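Enquirer: The structure follows.
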Amino acid sequence: MTDAAELRRRTQEFLAANPPASTDRVDFLKARFDAGLAWVHYPQGLGGLGAARALQAVVDAELETAGAPDNDPRRIGIGLGMAAPTILAFGTDEQKRRFLRPLWIGDEVWCQLFSEPGAGSDLAALGTRAVRDEGGTSRSSEAESGGTWVVDGQKVWTSGAHAARWAILIARTDPEVPKHRGITYFVCDMTDPGVEVRPLRQITGEAEFNEVFLTGVRIPDAHRLGEVGDGWKVAQTTLMNERVSIGGSRIPREGGLIAPVAATWRERPELRTHDLHQRLLKLWVEAEVARLTGERLRQQLVAGQPGPEGSGLKLGFARLNQEISGLEVELLGEEGLLYEDWTMRRPEKVDFAGRDAGYRYLRAKGNSIEGGTSEVLLNIVAERVLGLPSEPRTDKDVAWKDLAR
Ligand SMILES: Cc1cc2nc3c(=O)[nH]c(=O)nc-3n(C[C@H](O)[C@H](O)[C@H](O)COP(=O)(O)OP(=O)(O)OC[C@H]3O[C@@H](n4cnc5c(N)ncnc54)[C@H](O)[C@@H]3O)c2cc1C
């Protein structure tokens with residue numbers, strides 16, 4: 001059993017063998033994964049040591065003090081925050097070996113092919129079809145003992161699809177059963193023929209997300225995660241992790257969106273008014289409460305899987321980001337209305353910190369939609385945390401093919 005002292009010693013030995021200042025960034029990350037110091041609670045050989053999840057903090061603190069490079073979590077956020085825990089929970093040994101290392105290092109970027117034009121909040125209503133073709137072959141060289149699936153449909157709002165090598169994908173494999181029961185979860189190779197990614201510009205002017213058209217895409221059965229028809233259960237693991245990774249990333253005190261507002265407040269006394277002062281203080285305190293709540297949730301995660309409490313955190317994060325970015329624009333007055341650049345860009349990561357107040361204000365609007373809308377998260381908190389009566393569900397026992405669309 002690895003304890004904190006043992007891990008600290010291992011990390012120090014690792015740092016002595018791979019000094020961050022003189023080791024290539026990617027080589028450092030590869031060595032860190034191979035030493036089991038990437039995510040210590042993962043099994044040995046898969047970036048971990050089978051240790052308690054809480055002990056990751058010991059490793060992170062040592063690495064931070066030594067100035068170790070990070071694995072650029074924003075760019076690979078979907079892979080790290082959502083695909084990895086799902087692969088760990090439902091993947092075969094072969095899938096874990098194939099996907100986790102390049103994902104963690106950042107060699108392979110992941111995207112999430114969940115939302116569809118007619119199925120966002122009601123995700124289980126999705127219509128993208130996957131049909132098994134027993135005799136078929138796919139482009140992939142991986143084992144095809146279970147045959148190949150042929151996927152047709154359309155996904156939407158797919159963040160980072162233009163940079164992604166792999167996607168987590170849910171598709172309908174049985175239209176004859178009620179909607180939650182006929183879904184299967186796959187890993188889709190974004191370079192396969194039949195995958196077409198088209199940029200979608202958003203309110204900020206840039207295209208961070210995309211429409212993805214899937215036409216006759218052949219996915220080997222070896223790239224299925226979990227059982228056929230059991231994809232909703234697998235997707236729940238992804239979605240719970242998504243809320244925690246959106247709402248619960250570790251930030252320092254006065255970090256996040258409150259940081260630039262507080263800095264402007266300190267540096268530009270001419271902008272201050274009594275009213276703005278009151279509102280800034282209130283939001284500063286709320287940001288600190290949210291930060292500490294996130295910390296507590298992370299500690300709860302040590303005990304197991306993320307629960308519906310992550311929905312509450314994500315809700316608060318979205319509201320706070322919108323209020324703080326609104327206050328920042330107000331504080332800056334006319335200057336806050338200037339917008340840096342409307343040139344069409346396809347960024348690979350969301351960078352709230354490196355942009356101006358107008359960008360932060362516009363981009364924060366998406367926080368209450370992405371990863372589940374605030375209205376739907378309120379329903380989850382009401383039903384699963386507070387135990388209040390659930391919404392009426394008329395489609396529960398009806399085959400998906402018979403639902404009105
Ligand atoms: C910036 C951004 C990035 C995204 N990235 C991805 C991605 O990478 N991959 C991906 O798959 N998806 C992604 N999404 C999609 C996102 O998950 C969906 O937009 C979201 O789940 C809402 O679905 P919808 O857009 O279909 O809205 P709808 O479901 O049509 O909802 C419309 C409105 O009705 C409300 N509503 C719906 N049902 C209920 C209900 N039962 N009770 C109360 N109110 C309800 C909603 O809250 C909302 O206000 C992204 C979205 C954004 C904005």
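We label chains A, B, ... in the order they appear in the structure tokens, count residues from 1 in each chain, and number ligands from 1 in the order shown.
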Set the distance at 7 Å and use only C-alpha atoms: which residues neighbour region 247-264 of chain A once local chain neighbours fewer than 5 positions away are removed? I'd like the list as a list of chain:residue names.

Expert: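 So, after excluding close chain neighbours, the residues are A:Trp284, A:Glu288, A:Arg291, A:Gly294, A:Leu313, A:Lys314, A:Phe317, A:Asn321, A:Ile324, A:Ser325, A:Glu328.
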
Enquirer: Just list as a ChimeraX atom specification whatever in region 151-362 of chain A DSSP marks as alpha helix (DSSP H).

Expert: /A:231-247,258-267,274-301,309-332,334-337,357-362

Enquirer: Return as a tab-separated table the residues of chain A lying at most 8 Å from ligand 1, together with the closest atom-to-atom pair for each and the distance in Å to one decimal, counting only C-alpha atoms and all ligand atoms, with rows in chain order and ascending residue number.

Expert:
residue	atom	partner	partner_atom_place_in_ligand_line	distance
A:Ile78	CA	ligand 1	8 (O)	7.7
A:Cys111	CA	ligand 1	8 (O)	5.9
A:Gln112	CA	ligand 1	9 (N)	4.4
A:Leu113	CA	ligand 1	11 (O)	4.6
A:Phe114	CA	ligand 1	11 (O)	3.5
A:Ser115	CA	ligand 1	11 (O)	3.8
A:Glu116	CA	ligand 1	26 (O)	6.7
A:Pro117	CA	ligand 1	26 (O)	6.2
A:Gly118	CA	ligand 1	26 (O)	6.2
A:Ala119	CA	ligand 1	26 (O)	5.2
A:Gly120	CA	ligand 1	26 (O)	3.1
A:Ser121	CA	ligand 1	29 (O)	3.6
A:Asp122	CA	ligand 1	29 (O)	5.8
A:Leu123	CA	ligand 1	21 (O)	7.3
A:Lys155	CA	ligand 1	11 (O)	7.0
A:Val156	CA	ligand 1	12 (N)	6.4
A:Trp157	CA	ligand 1	13 (C)	4.5
A:Thr158	CA	ligand 1	8 (O)	3.8
A:Ser159	CA	ligand 1	8 (O)	3.7
A:Gly160	CA	ligand 1	8 (O)	6.8
A:Ala161	CA	ligand 1	8 (O)	7.7
A:Gln202	CA	ligand 1	1 (C)	7.9
A:Glu208	CA	ligand 1	1 (C)	7.5
A:Phe209	CA	ligand 1	3 (C)	6.3
A:Arg363	CA	ligand 1	1 (C)	7.5
A:Lys365	CA	ligand 1	53 (C)	7.8
A:Gly366	CA	ligand 1	53 (C)	4.3
A:Asn367	CA	ligand 1	1 (C)	6.7
A:Ser368	CA	ligand 1	53 (C)	7.6
A:Ile369	CA	ligand 1	53 (C)	4.8
A:Glu370	CA	ligand 1	51 (C)	3.8
A:Gly371	CA	ligand 1	17 (O)	4.6
A:Gly372	CA	ligand 1	21 (O)	4.2
A:Thr373	CA	ligand 1	47 (O)	4.6
A:Ser374	CA	ligand 1	47 (O)	6.0
A:Glu375	CA	ligand 1	47 (O)	4.3
A:Val376	CA	ligand 1	42 (N)	5.2
A:Asn379	CA	ligand 1	42 (N)	6.5
A:Glu391	CA	ligand 1	41 (N)	7.3

Enquirer: I'd like to know which of A:Gly81, A:Gly310, A:Gly91, A:Gly358 is closest to Gln322 (chain A), using only C-alpha atoms.

Expert: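 Distance minimum relative to Gln322 (chain A) lands on A:Gly358.
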
Enquirer: For each of A:Leu63, A:Ala167, A:His162, A:Asp152, take the minimum atom-to-atom distance to Gly79 (chain A), counting only C-alpha atoms, then give the residue where this is smallest.

Expert: A:Ala167

Enquirer: Can you tell me how far CA of His277 (chain A) sits from CA of Val350 (chain A), in Å to one decimal?

Expert: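 A separation of 28.8 Å between them.
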
Enquirer: Counting only C-alpha atoms, what is within 12 Å of Lys96 (chain A), bar same-chain residues fewer than 5 positions away, as a list of chain:residue names?

Expert: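 Once the adjacent positions are removed, what remains is A:Tyr42, A:Pro43, A:Gln44, A:Gly45, A:Leu46, A:Gly47, A:Ala83, A:Ala84, A:Pro85, A:Thr86, A:Ile87, A:Leu88, A:Ala89, A:Phe90, A:Gly91, A:Arg101, A:Pro102, A:Leu103, A:Trp104, A:Val187, A:Ala222, A:His223, A:Leu225.
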
Enquirer: Report as a PyMOL selection string: the residues of region 108-189 of chain A with a DSSP assignment of strand (DSSP E or B), based on the backbone of this structure.

Expert: chain A and resi 110-113+116+119+129-133+148-155+166-172+178+183-189

Enquirer: I need the chosen residues saved as a compact mmCIF listing (two decimals), in the first residue's frame, with N, CA and C atoms.

Expert:
# COMPACT_ATOMS: atom_id res chain seq x y z
N TRP A 110 -8.97 14.52 -27.77
CA TRP A 110 -10.28 13.85 -27.85
C TRP A 110 -11.40 14.88 -27.95
N CYS A 111 -12.49 14.49 -28.59
CA CYS A 111 -13.70 15.31 -28.56
C CYS A 111 -14.88 14.42 -28.18
N GLN A 112 -16.04 15.06 -28.00
CA GLN A 112 -17.21 14.34 -27.48
C GLN A 112 -18.37 14.46 -28.47
N LEU A 113 -18.69 13.34 -29.13
CA LEU A 113 -19.79 13.33 -30.11
C LEU A 113 -21.06 12.85 -29.42
N GLU A 116 -26.85 16.26 -30.48
CA GLU A 116 -27.35 16.24 -31.86
C GLU A 116 -28.35 17.38 -32.03
N ALA A 119 -31.27 16.43 -30.06
CA ALA A 119 -31.05 15.76 -28.77
C ALA A 119 -29.85 16.37 -28.06
N ARG A 129 -27.41 6.49 -35.92
CA ARG A 129 -27.56 5.03 -35.90
C ARG A 129 -26.23 4.32 -36.04
N ALA A 130 -26.08 3.22 -35.33
CA ALA A 130 -24.93 2.32 -35.55
C ALA A 130 -25.51 0.94 -35.82
N VAL A 131 -25.16 0.38 -36.99
CA VAL A 131 -25.70 -0.93 -37.37
C VAL A 131 -24.52 -1.89 -37.53
N ARG A 132 -24.64 -3.07 -36.94
CA ARG A 132 -23.53 -4.02 -37.00
C ARG A 132 -23.45 -4.67 -38.38
N ASP A 133 -22.23 -4.71 -38.92
CA ASP A 133 -21.99 -5.35 -40.21
C ASP A 133 -21.01 -6.50 -39.95
N THR A 148 -17.85 -5.08 -37.53
CA THR A 148 -17.72 -3.62 -37.62
C THR A 148 -19.11 -3.00 -37.51
N TRP A 149 -19.16 -1.79 -36.95
CA TRP A 149 -20.41 -1.04 -36.88
C TRP A 149 -20.36 0.05 -37.95
N VAL A 150 -21.50 0.30 -38.56
CA VAL A 150 -21.57 1.35 -39.57
C VAL A 150 -22.44 2.48 -38.99
N VAL A 151 -21.85 3.66 -38.90
CA VAL A 151 -22.51 4.76 -38.20
C VAL A 151 -22.93 5.85 -39.18
N ASP A 152 -24.19 6.28 -39.05
CA ASP A 152 -24.72 7.38 -39.86
C ASP A 152 -25.50 8.34 -38.97
N GLY A 153 -25.23 9.63 -39.12
CA GLY A 153 -25.99 10.62 -38.34
C GLY A 153 -25.27 11.94 -38.29
N GLN A 154 -25.78 12.84 -37.44
CA GLN A 154 -25.15 14.17 -37.31
C GLN A 154 -25.04 14.56 -35.84
N LYS A 155 -23.89 15.09 -35.51
CA LYS A 155 -23.66 15.62 -34.16
C LYS A 155 -23.47 17.13 -34.27
N TRP A 166 -9.45 11.36 -31.68
CA TRP A 166 -10.47 10.39 -31.26
C TRP A 166 -11.69 11.10 -30.72
N ALA A 167 -12.82 10.40 -30.78
CA ALA A 167 -14.05 10.94 -30.18
C ALA A 167 -14.72 9.87 -29.35
N ILE A 168 -15.35 10.30 -28.25
CA ILE A 168 -16.29 9.41 -27.58
C ILE A 168 -17.63 9.68 -28.25
N LEU A 169 -18.32 8.60 -28.60
CA LEU A 169 -19.51 8.72 -29.44
C LEU A 169 -20.62 7.84 -28.87
N ILE A 170 -21.84 8.39 -28.79
CA ILE A 170 -22.96 7.49 -28.48
C ILE A 170 -23.90 7.45 -29.67
N ALA A 171 -24.39 6.24 -29.95
CA ALA A 171 -25.24 6.04 -31.13
C ALA A 171 -26.33 5.02 -30.81
N ARG A 172 -27.42 5.11 -31.56
CA ARG A 172 -28.54 4.20 -31.32
C ARG A 172 -28.30 2.88 -32.05
N PRO A 178 -37.11 1.25 -25.51
CA PRO A 178 -37.17 2.63 -25.04
C PRO A 178 -35.81 3.33 -25.13
N ILE A 183 -28.95 2.41 -26.70
CA ILE A 183 -27.79 3.24 -27.06
C ILE A 183 -26.50 2.46 -26.78
N THR A 184 -25.51 2.61 -27.65
CA THR A 184 -24.20 1.97 -27.41
C THR A 184 -23.10 3.03 -27.52
N TYR A 185 -22.05 2.82 -26.77
CA TYR A 185 -20.97 3.82 -26.62
C TYR A 185 -19.75 3.34 -27.40
N PHE A 186 -19.19 4.21 -28.24
CA PHE A 186 -18.04 3.83 -29.06
C PHE A 186 -16.91 4.85 -28.95
N VAL A 187 -15.74 4.43 -29.40
CA VAL A 187 -14.63 5.35 -29.65
C VAL A 187 -14.52 5.48 -31.16
N CYS A 188 -14.60 6.70 -31.65
CA CYS A 188 -14.61 6.92 -33.10
C CYS A 188 -13.29 7.56 -33.53
N ASP A 189 -12.71 7.01 -34.58
CA ASP A 189 -11.48 7.57 -35.14
C ASP A 189 -11.86 8.74 -36.05

Enquirer: What is the distance, in Å and to one decimal place, between CA of Leu378 (chain A) and CA of Val289 (chain A)?

Expert: 19.2 Å

Enquirer: Hey, can you check how far CA of Gly229 (chain A) sits from CA of Arg181 (chain A)?

Expert: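 Computing the Euclidean distance for CA of Gly229 (chain A) and CA of Arg181 (chain A) yields 5.6 Å.
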
Enquirer: Using only C-alpha atoms, which protein or nucleic acid residues come within 9 Å of Leu271 (chain A)? Drop anything in the same chain fewer than 4 positions from it, and give the result as JSON, numbers by chain.

Expert: {"A": [264, 265, 331, 332, 333]}

Enquirer: Give one line per residue of region 48-89 of chain A that approaches region 37-41 of chain A to at most 6 Å, naming the two atoms of the closest pair and their distance in Å to one decimal, counting only C-alpha atoms; sort by chain then ascending residue number and deliver it as CSV.

Expert:
residue,atom,partner,partner_atom,distance
A:Gly48,CA,A:Val40,CA,4.1
A:Leu49,CA,A:Val40,CA,5.1
A:Gly50,CA,A:His41,CA,4.7
A:Ala51,CA,A:His41,CA,4.7
A:Ala52,CA,A:His41,CA,5.4
A:Arg53,CA,A:His41,CA,4.7
A:Gln56,CA,A:Val40,CA,5.7

Enquirer: Mind dumping the selected residues with N, CA and C atoms as a compact mmCIF listing (two decimals), in the first residue's frame?

Expert:
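File selection24.txt, as written:
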# COMPACT_ATOMS: atom_id res chain seq x y z
N GLY A 48 -0.54 4.90 -13.31
CA GLY A 48 -0.79 5.00 -11.87
C GLY A 48 -0.06 3.94 -11.07
N LEU A 49 -0.42 3.90 -9.78
CA LEU A 49 0.21 2.94 -8.86
C LEU A 49 -0.84 2.20 -8.04
N GLY A 50 -2.10 2.39 -8.43
CA GLY A 50 -3.17 1.78 -7.66
C GLY A 50 -3.26 2.35 -6.25
N ALA A 51 -2.80 3.60 -6.08
CA ALA A 51 -2.81 4.23 -4.75
C ALA A 51 -4.14 4.97 -4.53
N ALA A 52 -4.31 5.54 -3.34
CA ALA A 52 -5.53 6.30 -3.06
C ALA A 52 -5.52 7.58 -3.91
N ARG A 53 -6.68 7.94 -4.42
CA ARG A 53 -6.80 9.09 -5.31
C ARG A 53 -6.30 10.38 -4.65
N GLN A 56 -2.73 11.94 -5.07
CA GLN A 56 -2.27 12.69 -6.25
C GLN A 56 -1.80 14.09 -5.84
